[in-house]
>>> print(open('run-v3.txt').read())   # compact mmCIF, C-alpha atoms
# COMPACT_ATOMS: atom_id res chain seq x y z
CA MET A 1 10.47 14.21 -8.91
CA GLU A 2 10.27 16.35 -5.78
CA ALA A 3 6.54 16.96 -6.29
CA ILE A 4 5.93 13.21 -6.68
CA ARG A 5 8.06 12.49 -3.62
CA ALA A 6 6.18 15.02 -1.46
CA LEU A 7 2.77 13.71 -2.48
CA ARG A 8 3.88 10.09 -2.00
CA VAL A 9 4.97 10.89 1.57
CA VAL A 10 1.45 12.08 2.37
CA ARG A 11 -0.11 9.07 0.65
CA LYS A 12 2.18 6.60 2.40
CA SER A 13 1.39 8.15 5.77
CA ALA A 14 -2.36 7.97 5.10
CA VAL A 15 -2.09 4.31 4.05
CA LYS A 16 -0.16 3.49 7.22
CA VAL A 17 -2.68 5.22 9.49
CA ARG A 18 -5.62 3.66 7.61
CA THR A 19 -4.12 0.21 8.18
CA GLN A 20 -3.67 0.99 11.88
CA THR A 21 -7.26 2.20 12.06
CA ILE A 22 -8.77 -0.95 10.55
CA ASN A 23 -6.57 -3.05 12.85
CA GLN A 24 -7.90 -1.08 15.84
CA ILE A 25 -11.46 -1.60 14.61
CA ARG A 26 -10.91 -5.35 14.34
CA THR A 27 -9.32 -5.45 17.81
CA LEU A 28 -12.26 -3.57 19.30
CA ILE A 29 -14.66 -5.98 17.62
CA VAL A 30 -12.85 -8.98 19.10
CA THR A 31 -13.24 -7.58 22.61
CA ALA A 32 -16.74 -6.16 22.03
CA PRO A 33 -19.87 -7.69 23.53
CA SER A 34 -21.25 -10.59 21.48
CA THR A 35 -24.29 -8.56 20.36
CA VAL A 36 -21.96 -6.15 18.55
CA ARG A 37 -19.48 -8.79 17.39
CA ASP A 38 -22.08 -11.08 15.79
CA LYS A 39 -23.48 -8.32 13.56
CA LEU A 40 -20.03 -7.46 12.15
CA ARG A 41 -18.61 -10.94 11.55
CA GLY A 42 -17.45 -11.71 8.00
CA LEU A 43 -17.43 -8.17 6.61
CA SER A 44 -14.54 -6.85 4.50
CA ALA A 45 -12.66 -3.76 5.68
CA ARG A 46 -14.65 -1.41 3.44
CA GLU A 47 -18.00 -3.00 4.29
CA LEU A 48 -17.08 -2.86 7.96
CA ALA A 49 -16.16 0.82 7.78
CA ASP A 50 -19.32 1.70 5.85
CA THR A 51 -21.57 -0.24 8.23
CA LEU A 52 -19.98 1.23 11.35
CA ALA A 53 -19.92 4.79 10.00
CA ARG A 54 -23.67 4.61 9.32
CA SER A 55 -24.44 3.23 12.78
CA ARG A 56 -26.22 5.33 15.39
CA PRO A 57 -25.12 4.26 18.88
CA THR A 58 -27.80 4.83 21.51
CA GLY A 59 -27.64 4.73 25.26
CA GLU A 60 -25.29 6.10 27.89
CA LEU A 61 -21.52 6.05 27.40
CA ASP A 62 -21.03 4.33 30.76
CA ASP A 63 -22.62 1.26 29.14
CA PRO A 64 -19.77 -0.81 27.59
CA THR A 65 -21.84 -1.73 24.53
CA CYS A 66 -22.66 1.89 23.75
CA ALA A 67 -19.05 2.95 24.35
CA VAL A 68 -17.73 0.27 21.99
CA LYS A 69 -20.28 1.19 19.30
CA THR A 70 -19.31 4.87 19.63
CA ALA A 71 -15.59 4.09 19.41
CA LEU A 72 -16.16 1.84 16.39
CA ARG A 73 -18.17 4.54 14.64
CA ARG A 74 -15.42 7.13 15.19
CA HIS A 75 -12.75 4.74 13.93
CA ALA A 76 -14.87 3.92 10.87
CA ARG A 77 -15.29 7.58 10.03
CA ARG A 78 -11.54 8.09 10.38
CA TYR A 79 -11.00 5.12 8.04
CA GLN A 80 -13.32 6.68 5.45
CA GLN A 81 -11.56 10.06 5.69
CA LEU A 82 -8.16 8.42 5.20
CA ASP A 83 -9.52 6.40 2.29
CA GLU A 84 -10.68 9.64 0.66
CA GLU A 85 -7.27 11.25 1.33
CA ILE A 86 -5.54 8.31 -0.37
CA ARG A 87 -7.84 8.58 -3.41
CA ASP A 88 -7.13 12.33 -3.62
CA ALA A 89 -3.38 11.70 -3.44
CA ASP A 90 -3.67 9.11 -6.20
CA LYS A 91 -5.52 11.63 -8.38
CA GLU A 92 -2.75 14.17 -7.82
CA ILE A 93 0.17 11.76 -8.25
CA GLY A 94 -1.19 10.05 -11.38
CA PRO A 95 -0.85 12.97 -13.82
CA LEU A 96 2.60 13.92 -12.46
CA VAL A 97 3.91 10.39 -12.92
CA THR A 98 2.34 10.12 -16.39
CA GLN A 99 3.93 13.42 -17.38
CA ALA A 100 7.34 12.42 -16.03
CA ALA A 101 7.43 8.89 -17.50
CA PRO A 102 4.57 8.12 -19.92
CA ARG A 103 6.33 5.05 -21.36
CA LEU A 104 6.80 3.58 -17.89
CA VAL A 105 3.12 3.95 -16.96
CA ALA A 106 2.13 2.48 -20.33
CA LEU A 107 3.84 -0.82 -19.50
CA PRO A 108 1.55 -3.64 -18.35
CA GLY A 109 1.42 -3.98 -14.58
CA VAL A 110 2.84 -0.52 -13.88
CA GLY A 111 0.45 1.91 -12.24
CA PRO A 112 1.02 5.43 -10.94
CA GLU A 113 1.95 4.23 -7.44
CA THR A 114 4.62 1.73 -8.51
CA ALA A 115 5.91 4.09 -11.18
CA GLY A 116 6.11 6.86 -8.57
CA ARG A 117 8.17 4.61 -6.29
CA LEU A 118 10.57 3.79 -9.11
CA LEU A 119 10.82 7.41 -10.23
CA THR A 120 11.62 8.70 -6.76
CA SER A 121 14.30 6.05 -6.33
CA ALA A 122 15.79 6.81 -9.74
CA GLY A 123 15.43 10.56 -9.15
CA ASP A 124 17.78 10.32 -6.18
CA ASN A 125 20.47 8.69 -8.33
CA PRO A 126 20.14 9.90 -11.95
CA ASP A 127 23.89 9.95 -12.59
CA ARG A 128 24.25 6.28 -11.53
CA LEU A 129 21.66 4.91 -13.94
CA ARG A 130 23.39 4.51 -17.28
CA SER A 131 21.90 1.08 -18.10
CA GLU A 132 19.76 -1.72 -16.68
CA ALA A 133 22.57 -3.17 -14.55
CA PRO A 134 23.04 -0.13 -12.27
CA PHE A 135 19.25 0.12 -11.95
CA ALA A 136 19.08 -3.53 -10.87
CA HIS A 137 21.79 -2.90 -8.28
CA LEU A 138 19.97 0.22 -7.07
CA CYS A 139 16.79 -1.82 -6.57
CA GLY A 140 18.56 -4.76 -4.96
CA ALA A 141 17.48 -7.03 -7.81
CA ALA A 142 20.90 -7.79 -9.29
CA PRO A 143 22.70 -11.11 -8.82
CA VAL A 144 25.77 -11.00 -6.59
CA PRO A 145 28.47 -13.67 -6.82
CA ALA A 146 28.35 -16.01 -3.82
CA SER A 147 30.89 -18.56 -4.98
CA SER A 148 33.10 -20.56 -2.71
CA GLY A 149 35.85 -22.93 -3.81
CA ARG A 150 34.57 -25.02 -6.70
CA THR A 151 30.96 -23.94 -6.19
CA ASN A 152 29.90 -21.25 -8.64
CA ARG A 153 26.61 -19.61 -7.69
CA HIS A 154 24.85 -16.26 -7.25
CA ARG A 155 22.38 -14.76 -4.81
CA LEU A 156 20.23 -11.64 -4.95
CA ASN A 157 21.68 -8.44 -3.63
CA ARG A 158 20.30 -7.75 -0.15
CA GLY A 159 21.13 -4.06 -0.38
CA GLY A 160 19.54 -1.42 -2.52
CA ASP A 161 16.43 0.67 -2.27
CA ARG A 162 13.72 -1.45 -0.64
CA ALA A 163 10.88 0.73 -1.96
CA ALA A 164 12.10 0.27 -5.54
CA ASP A 165 12.52 -3.46 -4.97
CA ASN A 166 8.97 -3.60 -3.61
CA ALA A 167 7.71 -1.73 -6.67
CA LEU A 168 9.40 -4.24 -8.98
CA HIS A 169 7.92 -7.10 -6.95
CA THR A 170 4.43 -5.58 -7.21
CA ILE A 171 4.80 -5.15 -10.97
CA VAL A 172 5.86 -8.78 -11.34
CA LEU A 173 2.91 -10.02 -9.27
CA VAL A 174 0.42 -7.97 -11.30
CA ARG A 175 1.93 -9.08 -14.59
CA MET A 176 1.96 -12.73 -13.53
CA LYS A 177 -1.74 -12.49 -12.80
CA TYR A 178 -2.99 -10.33 -15.69
CA ASP A 179 -0.41 -10.18 -18.52
CA GLN A 180 -0.60 -13.11 -20.96
CA ARG A 181 2.98 -12.66 -22.24
CA THR A 182 4.37 -12.76 -18.69
CA GLN A 183 2.32 -15.84 -17.85
CA GLU A 184 3.69 -17.64 -20.88
>>> encode(input="run-v3.txt", output="structure tokens")
Amino acid sequence: MEAIRALRVVRKSAVKVRTQTINQIRTLIVTAPSTVRDKLRGLSARELADTLARSRPTGELDDPTCAVKTALRRHARRYQQLDEEIRDADKEIGPLVTQAAPRLVALPGVGPETAGRLLTSAGDNPDRLRSEAPFAHLCGAAPVPASSGRTNRHRLNRGGDRAADNALHTIVLVRMKYDQRTQE
């Protein structure tokens, strides 16, 4: 569990910085001269990064167009490096998660990333997890009584491990889209 946790920390950090990088690229494009902006309109994040990384800015850096093109190229290369780092982390985490919980990864909609999130959450609290109910409480997915007077109702627990709750949410979304049994 500790190995998975350590590798997930690096992956999570790389994902966060990659998101910041593409946001910075898009912000620079919005404020860039129209000659630069028009060429990059409508591209996905990956296409944008690939196009900008291949670019060859020419001119003097005191020219705003050249400076923007240079900055965009550097950001795009950073994006590509972070993307590679994330892929490497996934390759390292995958076998560890499969070794730790092969039945979990075999379930439809559960990949190495979501399984890793669940395993690290469960790894912190192994003595608490004797059945499904404590696991649901740990993830913040268990119903909590919210009755008042004659009204008898429940709400979802707002506490719990948010990363585990997010992993469960991701699994449900994937299964709703791709798993026939879940759709039915």
>>> closest_residue(input="run-v3.txt", among="A:Gly42, A:Pro102, A:Gly123, A:Gly116", to="A:Arg11", atoms="only C-alpha atoms")
A:Gly116
>>> atom_distance(input="run-v3.txt", atom1="atom CA of A:Arg73", atom2="atom CA of A:Pro33")
15.2 Å
>>> atom_distance(input="run-v3.txt", atom1="atom CA of A:Glu60", atom2="atom CA of A:Glu47")
26.3 Å
>>> axis_aligned_box(input="run-v3.txt", around="stretch 106-119 of chain A", padding_each_side="3 Å", output="JSON")
{"center_x": 5.6, "center_y": 1.7, "center_z": -13.3, "size_x": 16.4, "size_y": 17.4, "size_z": 20.0}
>>> closest_residue(input="run-v3.txt", among="A:Leu28, A:Ile171, A:Gln183, A:Glu113", to="A:Ala89", atoms="only C-alpha atoms")
A:Glu113
>>> closest_residue(input="run-v3.txt", among="A:Val68, A:Met176, A:Lys16, A:Val110", to="A:Val30", atoms="only C-alpha atoms")
A:Val68
>>> closest_residue(input="run-v3.txt", among="A:Thr51, A:Cys66, A:Gln81, A:Asn166", to="A:Leu118", atoms="only C-alpha atoms")
A:Asn166
>>> residues_around(input="run-v3.txt", residues="A:Ala146", least_positions_apart="5", cutoff="12 Å", atoms="only C-alpha atoms", output="MDAnalysis selection string")
chainID A and resid 151:157
>>> write_last_selection(input="run-v3.txt", atoms="C-alpha atoms", output="mmCIF file, in the frame of the given file")
data_model
loop_
_atom_site.group_PDB
_atom_site.id
_atom_site.type_symbol
_atom_site.label_atom_id
_atom_site.label_comp_id
_atom_site.auth_asym_id
_atom_site.auth_seq_id
_atom_site.Cartn_x
_atom_site.Cartn_y
_atom_site.Cartn_z
ATOM 1 C CA THR A 151 30.960 -23.940 -6.190
ATOM 2 C CA ASN A 152 29.900 -21.250 -8.640
ATOM 3 C CA ARG A 153 26.610 -19.610 -7.690
ATOM 4 C CA HIS A 154 24.850 -16.260 -7.250
ATOM 5 C CA ARG A 155 22.380 -14.760 -4.810
ATOM 6 C CA LEU A 156 20.230 -11.640 -4.950
ATOM 7 C CA ASN A 157 21.680 -8.440 -3.630
#
>>> residues_around(input="run-v3.txt", residues="A:Thr58", least_positions_apart="5", cutoff="10 Å", atoms="all atoms listed in the file", output="ChimeraX atom specification")
/A:63,65-67,69-70
>>> closest_residue(input="run-v3.txt", among="A:Leu119, A:Val172, A:Ala164, A:Leu129", to="A:Ile4", atoms="all atoms listed in the file")
A:Leu119
>>> residues_around(input="run-v3.txt", residues="A:Val174", least_positions_apart="6", cutoff="12 Å", atoms="all atoms listed in the file", output="JSON, numbers by chain")
{"A": [107, 108, 109, 110, 111, 114, 167, 168, 180, 182, 183]}
>>> decode(input="run-v3.txt", residues="stretch 66-79 of chain A", atoms="N, CA and C atoms", output="short mmCIF file (atom, residue, chain, number, x, y, z; two decimals), in the first residue's frame")
data_model
loop_
_atom_site.label_atom_id
_atom_site.label_comp_id
_atom_site.auth_asym_id
_atom_site.auth_seq_id
_atom_site.Cartn_x
_atom_site.Cartn_y
_atom_site.Cartn_z
N CYS A 66 6.66 37.00 -31.15
CA CYS A 66 7.74 36.03 -30.97
C CYS A 66 7.82 35.57 -29.51
N ALA A 67 7.66 36.50 -28.58
CA ALA A 67 7.71 36.16 -27.15
C ALA A 67 6.58 35.21 -26.77
N VAL A 68 5.38 35.48 -27.28
CA VAL A 68 4.24 34.61 -26.99
C VAL A 68 4.46 33.23 -27.59
N LYS A 69 4.93 33.16 -28.82
CA LYS A 69 5.20 31.87 -29.47
C LYS A 69 6.24 31.08 -28.69
N THR A 70 7.28 31.76 -28.20
CA THR A 70 8.33 31.10 -27.42
C THR A 70 7.76 30.58 -26.11
N ALA A 71 6.99 31.39 -25.43
CA ALA A 71 6.38 30.97 -24.16
C ALA A 71 5.43 29.80 -24.38
N LEU A 72 4.64 29.84 -25.44
CA LEU A 72 3.72 28.75 -25.73
C LEU A 72 4.48 27.45 -26.03
N ARG A 73 5.57 27.57 -26.75
CA ARG A 73 6.38 26.38 -27.06
C ARG A 73 6.94 25.76 -25.79
N ARG A 74 7.45 26.58 -24.88
CA ARG A 74 8.00 26.07 -23.63
C ARG A 74 6.93 25.41 -22.77
N HIS A 75 5.76 26.04 -22.70
CA HIS A 75 4.65 25.44 -21.96
C HIS A 75 4.23 24.11 -22.59
N ALA A 76 4.19 24.05 -23.91
CA ALA A 76 3.79 22.82 -24.59
C ALA A 76 4.78 21.69 -24.32
N ARG A 77 6.04 22.01 -24.31
CA ARG A 77 7.04 20.98 -24.01
C ARG A 77 6.92 20.51 -22.56
N ARG A 78 6.63 21.42 -21.66
CA ARG A 78 6.40 21.04 -20.26
C ARG A 78 5.18 20.11 -20.17
N TYR A 79 4.13 20.45 -20.89
CA TYR A 79 2.92 19.62 -20.92
C TYR A 79 3.25 18.21 -21.39
#
